[in-house]
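Enquirer: Pasting a structure below so you can have a look.
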Amino acid sequence: MADLDQAPSRASERVLRRRAFDHDERHMSVLVVGINYAPEQTGSAPYTAGLAEMIADFADVEVIAGAPHYPSWRVEPEYRWRLRRDELRNGVDVRHFRHFIPRRQSAFGRAIWDGSFVANVSISRPRRAPDVVIASTPSLGGAVLGARFAQRYHVPFGVVVQDLVGQAARQSGISGGTAVADVVGRVEGWTLRRADAVAVVSDAFREQLASYRVDDAKVRVLPNWTHIPQPREEPASVRTDLGWRPDEFVVLHAGNMGLKQDLGNVIDAARTLEGRNLEGGNRVRFVFCGDGNQREVLHDRAAGLSNVGFIDPVSSERYPDLLRAADVLLVNERASVGDMALPSKLTSYFAARRPVIAAVSADGACAKEVARTDGAAHIVAPGQPAELARAIEALSSDRARSASMAAAGGRFADAHLSRATAARRVRELVSDLRACDPKG
């Protein structure tokens with residue numbers, strides 16, 4: 001993420017934009033609540049941060065967020081010893097609240113993670129009385145807090161749904177998740193019904209919202225957008241730096257290594273292709289970049305495989321160079337994952353203009369999003385390492401198809417994933433909320 005920005009010129013520019021938007025009324029104040037926020041670089045955090053920064057172009061914004069900890073599930077050192085920390089980040093007033101971080105992923109641990117965030121925030125209050133409150137999932141606690149603040153100040157309440165928390169408990173494979181899924185779903189449904197507007201990142205979420213009895217008239221679609229900068233280095237130079245040989249076909253997974261990703265499937269596919277020369281003498285190299293609660297497990301599972309490597313998370317500036325240097329970008333999910341979430345990495349993958357292979361459920365949110373790209377990705381069945389290996393092998397020998405898929409991803413990103421398009425939708429969401437007669 002970018003460094004803190006407190007430049008007077010930028011602040012002045014935002015004041016002018018706010019006046020243009022709100023010329024005949026007092027300045028609007030918006031409260032954004034979500035446990036994941038910058039400086040976290042993956043998952044929902046870049047989008048919650050982007051949401052707040054887009055709103056800051058025309059309104060005053062205050063953010064209530066958790067301690068930066070994802071995807072490593074370890075609090076960043078500079079936030080570790082304080083219950084609360086205030087900062088100005090890219091023109092946004094951000095308040096980070098400390099909370100419990102589970103060492104192992106379980107339903108109980110996630111409940112304490114969310115509950116401790118709620119407890120710490122509940123004994124505080126926003127610096128300014130908001131005119132609008134917007135919560136961002138996947139933190140159910142953040143949504144509950146948003147509903148409470150909206151009720152306290154008698155203002156409209158909106159939710160941006162990055163993940164469906166009840167479905168996640170059921171589908172992600174987390175220990176104890178199935179047992180609590182119904183309870184979590186009931187709380188989630190109650191919160192979403194209370195909202196005056198519900199913005200979803202994928203239209204695939206509508207069916208679950210309907211099962212929660214959320215009025216479809218207040219559902220908005222707010223797709224995620226491309227938030228990475230343009231590549232700066234040539235792919236050949238990046239590959240040399242990383243030790244990737246010219247004769248290697250590099251399959252890259254970038255992002256979280258958790259239970260939902262089921263990356264053991266990829267390790268098994270790598271085992272299938274170990275030592276095998278592809279057409280033209282190339283060999284496949286599998287690279288995992290990122291962090292997560294399953295990284296050490298995966299590292300142990302890949303022991304002895306010469307075609308698997310792990311690299312630590314890279315900076316936001318280096319990330320697009322890394323993606324562009326790979327030959328194919330990989331999305332892998334558990335077979336049980338359906339409409340609970342849309343992988344946030346997809347926007348970056350398409351913008352990188354590299355072909356994508358997605359081992360995902362054919363009727364899930366990811367597959368539905370991929371279908372919109374007109375050929376940017378090839379879908380294979382999840383949990384089938386032999387099928388994944390065959391798809392990789394076939395793509396490695398078909399350079400024309402790789403180029404076609406890469407071009408399709410780029411066209412989709414240019415047409416649908418721009419920040420300008422997202423900013424327009426965000427402005428419309430806030431405007432719609434402000435016009436609402438608040439509940440409660």
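Following the order of the structure tokens, first chain is A, next is B, and so on, with residues numbered from 1 inside each chain and ligands from 1 in the order they appear.
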I'd like a table as a tab-separated table: residues in stretch 92-116 of chain A with an atom no more than 10 Å from stretch 45-60 of chain A, each row giving the shortest atom pair and its distance in Å to one decimal, only C-alpha atoms counted, sorted by chain and rising residue number.

Expert:
residue	atom	partner	partner_atom	distance
A:Val92	CA	A:Glu53	CA	6.4
A:Asp93	CA	A:Asp60	CA	8.7
A:Val94	CA	A:Ala52	CA	9.6

Enquirer: Quick one: residues within 10 Å of A:Leu342, only C-alpha atoms, excluding same-chain residues fewer than 2 positions away - as a list in words?

Expert: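 Skipping anything fewer than 2 positions along the chain leaves Gln162, Asp163, Leu164, Val201, Ser202, Ala204, Phe205, Pro223, Asn224, Val337, Gly338, Asp339, Met340, Ser344, Lys345, Leu346, Gly364, Ala365, Cys366, Ala367, Lys368 and Glu369 of chain A.
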
Enquirer: So that I can see what lies close to stretch 253-263 of chain A, please list as a PyMOL selection string the residues with an atom at most 6 Å from it, counting only C-alpha atoms and leaving out residues fewer than 5 positions away in the same chain.

Expert: chain A and resi 71+172+288-295+330+332-334

Enquirer: Go ahead and dump the residues you just picked, C-alpha atoms, as a JSON list (two decimals), in the first residue's frame.

Expert:
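The file below, out.json, is the result:
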[["chain", "number", "residue", "atom", "x", "y", "z"],
["A", 71, "PRO", "CA", -2.71, -13.14, 5.83],
["A", 172, "SER", "CA", -14.34, -23.20, 4.03],
["A", 288, "PHE", "CA", 3.52, -20.23, -3.93],
["A", 289, "CYS", "CA", 3.83, -16.56, -3.00],
["A", 290, "GLY", "CA", 2.21, -15.26, 0.15],
["A", 291, "ASP", "CA", 1.43, -16.33, 3.68],
["A", 292, "GLY", "CA", -1.34, -17.96, 5.65],
["A", 293, "ASN", "CA", -2.13, -20.48, 8.35],
["A", 294, "GLN", "CA", -1.47, -23.44, 6.00],
["A", 295, "ARG", "CA", 1.89, -22.34, 4.61],
["A", 330, "LEU", "CA", -3.62, -20.14, -10.46],
["A", 332, "ASN", "CA", -7.54, -23.09, -6.34],
["A", 333, "GLU", "CA", -10.46, -23.63, -3.95],
["A", 334, "ARG", "CA", -11.96, -26.43, -1.89]]

Enquirer: What is the distance, in Å and to one decimal place, between atom CA of A:Tyr349 and atom CA of A:Pro320?

Expert: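 These atoms are spaced 8.8 Å apart.
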
Enquirer: Taking only C-alpha atoms into account, which of A:Arg84, A:Arg206, A:His378, A:Arg301 comes nearest A:Ala359?

Expert: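 Checking each candidate against A:Ala359, we get A:His378 as the closest.
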
Enquirer: So that I can check the secondary structure, give me every residue of stretch 120-313 of chain A assigned helix (DSSP H, G or I) by backbone DSSP, as a ChimeraX atom specification.

Expert: /A:120-122,140-153,165-171,177-194,203-211,216-218,235-242,264-273,279-281,295-301

Enquirer: I need the chosen residues saved as a JSON list (two decimals), in the first residue's frame, with C-alpha atoms.

Expert:
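Once everything was written out, this is out_36.json:
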[["chain", "number", "residue", "atom", "x", "y", "z"],
["A", 120, "ASN", "CA", -12.76, -3.10, 22.05],
["A", 121, "VAL", "CA", -14.65, -0.89, 19.61],
["A", 122, "SER", "CA", -17.86, -0.92, 21.68],
["A", 140, "LEU", "CA", -19.45, -10.24, 10.92],
["A", 141, "GLY", "CA", -18.50, -8.21, 14.00],
["A", 142, "GLY", "CA", -17.80, -5.21, 11.77],
["A", 143, "ALA", "CA", -21.30, -5.50, 10.30],
["A", 144, "VAL", "CA", -22.87, -5.77, 13.75],
["A", 145, "LEU", "CA", -20.91, -2.71, 14.91],
["A", 146, "GLY", "CA", -21.99, -0.81, 11.82],
["A", 147, "ALA", "CA", -25.65, -1.59, 12.55],
["A", 148, "ARG", "CA", -25.20, -0.45, 16.17],
["A", 149, "PHE", "CA", -23.57, 2.83, 15.21],
["A", 150, "ALA", "CA", -26.24, 3.53, 12.61],
["A", 151, "GLN", "CA", -28.95, 2.90, 15.19],
["A", 152, "ARG", "CA", -27.17, 5.04, 17.80],
["A", 153, "TYR", "CA", -26.94, 8.04, 15.47],
["A", 165, "VAL", "CA", -19.83, -15.25, 6.50],
["A", 166, "GLY", "CA", -22.46, -17.91, 7.13],
["A", 167, "GLN", "CA", -21.58, -19.73, 3.92],
["A", 168, "ALA", "CA", -17.89, -19.38, 4.72],
["A", 169, "ALA", "CA", -18.38, -21.16, 8.03],
["A", 170, "ARG", "CA", -20.07, -24.01, 6.19],
["A", 171, "GLN", "CA", -17.87, -24.24, 3.10],
["A", 177, "GLY", "CA", -17.51, -24.29, 11.08],
["A", 178, "THR", "CA", -20.42, -26.50, 10.09],
["A", 179, "ALA", "CA", -21.67, -26.65, 13.67],
["A", 180, "VAL", "CA", -21.97, -22.86, 13.96],
["A", 181, "ALA", "CA", -22.91, -22.05, 10.37],
["A", 182, "ASP", "CA", -26.65, -21.78, 11.09],
["A", 183, "VAL", "CA", -26.12, -19.43, 14.05],
["A", 184, "VAL", "CA", -23.66, -17.29, 12.08],
["A", 185, "GLY", "CA", -26.06, -17.23, 9.15],
["A", 186, "ARG", "CA", -28.93, -16.05, 11.32],
["A", 187, "VAL", "CA", -26.87, -13.17, 12.70],
["A", 188, "GLU", "CA", -25.61, -12.31, 9.22],
["A", 189, "GLY", "CA", -29.14, -12.38, 7.80],
["A", 190, "TRP", "CA", -30.45, -10.17, 10.62],
["A", 191, "THR", "CA", -27.68, -7.64, 10.00],
["A", 192, "LEU", "CA", -28.19, -7.54, 6.24],
["A", 193, "ARG", "CA", -31.96, -7.16, 6.61],
["A", 194, "ARG", "CA", -31.36, -4.14, 8.85],
["A", 203, "ASP", "CA", -24.16, -11.09, -8.52],
["A", 204, "ALA", "CA", -23.74, -14.75, -7.49],
["A", 205, "PHE", "CA", -24.43, -13.66, -3.89],
["A", 206, "ARG", "CA", -28.03, -12.66, -4.65],
["A", 207, "GLU", "CA", -29.41, -16.18, -4.13],
["A", 208, "GLN", "CA", -28.03, -16.37, -0.60],
["A", 209, "LEU", "CA", -29.29, -12.86, 0.16],
["A", 210, "ALA", "CA", -32.74, -13.94, -0.99],
["A", 211, "SER", "CA", -32.58, -16.90, 1.42],
["A", 216, "ASP", "CA", -33.68, -7.43, -3.65],
["A", 217, "ALA", "CA", -34.59, -3.78, -4.26],
["A", 218, "LYS", "CA", -31.85, -2.66, -1.88],
["A", 235, "PRO", "CA", 9.46, -10.26, -17.04],
["A", 236, "ALA", "CA", 12.83, -11.75, -18.02],
["A", 237, "SER", "CA", 14.60, -9.61, -15.42],
["A", 238, "VAL", "CA", 12.13, -10.57, -12.70],
["A", 239, "ARG", "CA", 12.47, -14.26, -13.56],
["A", 240, "THR", "CA", 16.24, -14.02, -13.34],
["A", 241, "ASP", "CA", 16.00, -12.32, -9.93],
["A", 242, "LEU", "CA", 13.72, -15.09, -8.68],
["A", 264, "GLY", "CA", -2.66, -29.52, -1.15],
["A", 265, "ASN", "CA", -4.43, -30.18, -4.44],
["A", 266, "VAL", "CA", -1.76, -28.11, -6.19],
["A", 267, "ILE", "CA", 1.06, -29.92, -4.38],
["A", 268, "ASP", "CA", -0.39, -33.21, -5.59],
["A", 269, "ALA", "CA", -0.57, -31.88, -9.15],
["A", 270, "ALA", "CA", 3.09, -30.87, -8.84],
["A", 271, "ARG", "CA", 3.92, -34.40, -7.71],
["A", 272, "THR", "CA", 2.23, -35.73, -10.85],
["A", 273, "LEU", "CA", 4.43, -33.52, -13.04],
["A", 279, "GLU", "CA", 6.72, -30.36, -25.17],
["A", 280, "GLY", "CA", 9.79, -28.42, -26.24],
["A", 281, "GLY", "CA", 11.79, -29.66, -23.26],
["A", 295, "ARG", "CA", 1.89, -22.34, 4.61],
["A", 296, "GLU", "CA", 4.01, -24.53, 6.89],
["A", 297, "VAL", "CA", 1.73, -27.51, 6.29],
["A", 298, "LEU", "CA", 2.10, -27.05, 2.54],
["A", 299, "HIS", "CA", 5.85, -26.60, 2.84],
["A", 300, "ASP", "CA", 6.10, -29.93, 4.65],
["A", 301, "ARG", "CA", 3.80, -31.63, 2.15]]

Enquirer: Considering only C-alpha atoms, can you say which of A:Tyr37, A:Phe286, A:Trp225, A:Phe97 comes closest to A:Trp244?

Expert: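 When distances to A:Trp244 are compared using only C-alpha atoms, the smallest one comes from A:Phe286.
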
Enquirer: Using only C-alpha atoms, which residues sit within 10 Å of A:Arg127 once same-chain residues fewer than 5 positions away are excluded, as an MDAnalysis selection string?

Expert: chainID A and resid 31 62 93 95

Enquirer: Can I get the selection written as an mmCIF file, in the first residue's frame, with N, CA and C atoms?

Expert:
data_model
loop_
_atom_site.group_PDB
_atom_site.id
_atom_site.type_symbol
_atom_site.label_atom_id
_atom_site.label_comp_id
_atom_site.auth_asym_id
_atom_site.auth_seq_id
_atom_site.Cartn_x
_atom_site.Cartn_y
_atom_site.Cartn_z
ATOM 1 N N LEU A 31 -18.886 6.988 8.208
ATOM 2 C CA LEU A 31 -18.135 6.055 9.046
ATOM 3 C C LEU A 31 -18.059 4.715 8.336
ATOM 4 N N GLU A 62 -14.228 8.561 8.399
ATOM 5 C CA GLU A 62 -13.535 7.971 9.540
ATOM 6 C C GLU A 62 -13.659 6.458 9.408
ATOM 7 N N ASP A 93 -8.917 9.280 7.892
ATOM 8 C CA ASP A 93 -8.720 9.162 9.333
ATOM 9 C C ASP A 93 -9.023 7.723 9.748
ATOM 10 N N ARG A 95 -8.659 4.502 12.521
ATOM 11 C CA ARG A 95 -8.463 4.118 13.917
ATOM 12 C C ARG A 95 -8.396 2.600 13.978
#

Enquirer: Extract, using only C-alpha atoms, all DNA, RNA and protein residues at most 12 Å from A:Ile101, discarding same-chain residues fewer than 5 positions from it, and format them as an mmCIF file with N, CA and C atoms, in the first residue's frame.

Expert:
data_model
loop_
_atom_site.group_PDB
_atom_site.id
_atom_site.type_symbol
_atom_site.label_atom_id
_atom_site.label_comp_id
_atom_site.auth_asym_id
_atom_site.auth_seq_id
_atom_site.Cartn_x
_atom_site.Cartn_y
_atom_site.Cartn_z
ATOM 1 N N ILE A 35 -12.859 -4.986 9.847
ATOM 2 C CA ILE A 35 -11.688 -5.424 10.603
ATOM 3 C C ILE A 35 -10.426 -5.444 9.753
ATOM 4 N N GLY A 66 -9.452 -3.157 12.398
ATOM 5 C CA GLY A 66 -8.705 -3.978 13.329
ATOM 6 C C GLY A 66 -7.206 -3.745 13.210
ATOM 7 N N ALA A 67 -6.448 -4.513 13.969
ATOM 8 C CA ALA A 67 -4.992 -4.458 13.886
ATOM 9 C C ALA A 67 -4.542 -5.224 12.645
ATOM 10 N N PRO A 68 -3.685 -4.657 11.820
ATOM 11 C CA PRO A 68 -3.227 -5.352 10.611
ATOM 12 C C PRO A 68 -2.584 -6.700 10.962
ATOM 13 N N HIS A 69 -3.102 -7.789 10.367
ATOM 14 C CA HIS A 69 -2.637 -9.130 10.746
ATOM 15 C C HIS A 69 -2.760 -10.164 9.632
ATOM 16 N N TYR A 70 -3.370 -9.827 8.512
ATOM 17 C CA TYR A 70 -3.693 -10.816 7.477
ATOM 18 C C TYR A 70 -2.738 -10.657 6.293
ATOM 19 N N PRO A 71 -2.285 -11.755 5.661
ATOM 20 C CA PRO A 71 -2.711 -13.144 5.831
ATOM 21 C C PRO A 71 -1.865 -13.972 6.798
ATOM 22 N N SER A 72 -0.876 -13.369 7.429
ATOM 23 C CA SER A 72 0.024 -14.141 8.297
ATOM 24 C C SER A 72 -0.644 -14.532 9.607
ATOM 25 N N TRP A 73 -1.752 -13.841 9.962
ATOM 26 C CA TRP A 73 -2.405 -14.017 11.254
ATOM 27 C C TRP A 73 -1.435 -13.729 12.393
ATOM 28 N N ARG A 74 -0.611 -12.706 12.159
ATOM 29 C CA ARG A 74 0.278 -12.142 13.185
ATOM 30 C C ARG A 74 0.191 -10.623 13.067
ATOM 31 N N VAL A 75 0.039 -9.948 14.196
ATOM 32 C CA VAL A 75 -0.086 -8.493 14.180
ATOM 33 C C VAL A 75 1.235 -7.873 13.748
ATOM 34 N N GLU A 76 1.150 -6.895 12.843
ATOM 35 C CA GLU A 76 2.345 -6.190 12.403
ATOM 36 C C GLU A 76 3.026 -5.524 13.603
ATOM 37 N N ARG A 80 1.558 -3.814 17.507
ATOM 38 C CA ARG A 80 1.440 -4.973 18.385
ATOM 39 C C ARG A 80 1.126 -4.624 19.833
ATOM 40 N N SER A 106 -10.134 -22.016 13.711
ATOM 41 C CA SER A 106 -11.276 -22.804 14.140
ATOM 42 C C SER A 106 -12.450 -21.857 14.290
ATOM 43 N N PHE A 108 -14.267 -21.483 16.866
ATOM 44 C CA PHE A 108 -14.156 -20.833 18.166
ATOM 45 C C PHE A 108 -13.152 -19.679 18.100
ATOM 46 N N GLY A 109 -11.991 -19.940 17.484
ATOM 47 C CA GLY A 109 -10.977 -18.894 17.364
ATOM 48 C C GLY A 109 -11.473 -17.707 16.567
ATOM 49 N N ARG A 110 -12.214 -17.969 15.479
ATOM 50 C CA ARG A 110 -12.745 -16.878 14.675
ATOM 51 C C ARG A 110 -13.788 -16.082 15.455
ATOM 52 N N ALA A 111 -14.564 -16.776 16.298
ATOM 53 C CA ALA A 111 -15.556 -16.077 17.110
ATOM 54 C C ALA A 111 -14.889 -15.117 18.091
ATOM 55 N N ILE A 112 -13.779 -15.557 18.714
ATOM 56 C CA ILE A 112 -13.052 -14.685 19.640
ATOM 57 C C ILE A 112 -12.377 -13.550 18.876
ATOM 58 N N TRP A 113 -11.851 -13.849 17.710
ATOM 59 C CA TRP A 113 -11.258 -12.826 16.825
ATOM 60 C C TRP A 113 -12.257 -11.710 16.555
ATOM 61 N N ASP A 114 -13.451 -12.078 16.125
ATOM 62 C CA ASP A 114 -14.481 -11.105 15.810
ATOM 63 C C ASP A 114 -15.039 -10.446 17.068
ATOM 64 N N GLY A 115 -15.294 -11.266 18.108
ATOM 65 C CA GLY A 115 -15.898 -10.744 19.326
ATOM 66 C C GLY A 115 -15.006 -9.773 20.072
ATOM 67 N N SER A 116 -13.691 -10.039 20.086
ATOM 68 C CA SER A 116 -12.783 -9.132 20.791
ATOM 69 C C SER A 116 -12.676 -7.796 20.065
ATOM 70 N N PHE A 117 -12.791 -7.812 18.746
ATOM 71 C CA PHE A 117 -12.831 -6.562 17.982
ATOM 72 C C PHE A 117 -14.076 -5.756 18.357
ATOM 73 N N ASN A 293 -2.236 -19.494 7.275
ATOM 74 C CA ASN A 293 -2.129 -20.479 8.347
ATOM 75 C C ASN A 293 -1.774 -21.874 7.856
#

Enquirer: Enter the distance from atom CA of A:Asn36 to atom CA of A:Ala358, in Å, rounded to one decimal.

Expert: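 Rounded to one decimal, the two atoms are 25.3 Å apart.
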
Enquirer: Hey, what does DSSP flag as strand (DSSP E) within stretch 163-294 of chain A? Can you give it to me as a PyMOL selection string?

Expert: chain A and resi 197-200+219-221+248-254+283-289

Enquirer: Given the choices A:Phe350, A:Phe157, A:Phe249, A:Tyr212, which gets closest to A:Arg434 if the distance is worked out from only C-alpha atoms?

Expert: A:Phe157

Enquirer: Between atom CA of A:Thr226 and atom CA of A:Arg419, what distance in Å does the model show, to one decimal?

Expert: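 If I compute the distance from atom CA of A:Thr226 to atom CA of A:Arg419, I get 6.5 Å.
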
Enquirer: Point out the residue among A:Pro229, A:Leu222, A:Ile64, A:Ser316 with the least atom-to-atom distance to A:Arg424, counting only C-alpha atoms.

Expert: A:Leu222

Enquirer: Of the candidates A:Ser29, A:Asp374, A:Arg98, A:Arg89, which one gets nearest to A:Ala129 if we count only C-alpha atoms?

Expert: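 The shortest atom-to-atom distance to A:Ala129 comes from A:Ser29.
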
Enquirer: Would you mind telling me which residue in A:Val155, A:Ala406, A:Ile228, A:Val161 lies nearest to A:Ser44 when using only C-alpha atoms?

Expert: A:Val161
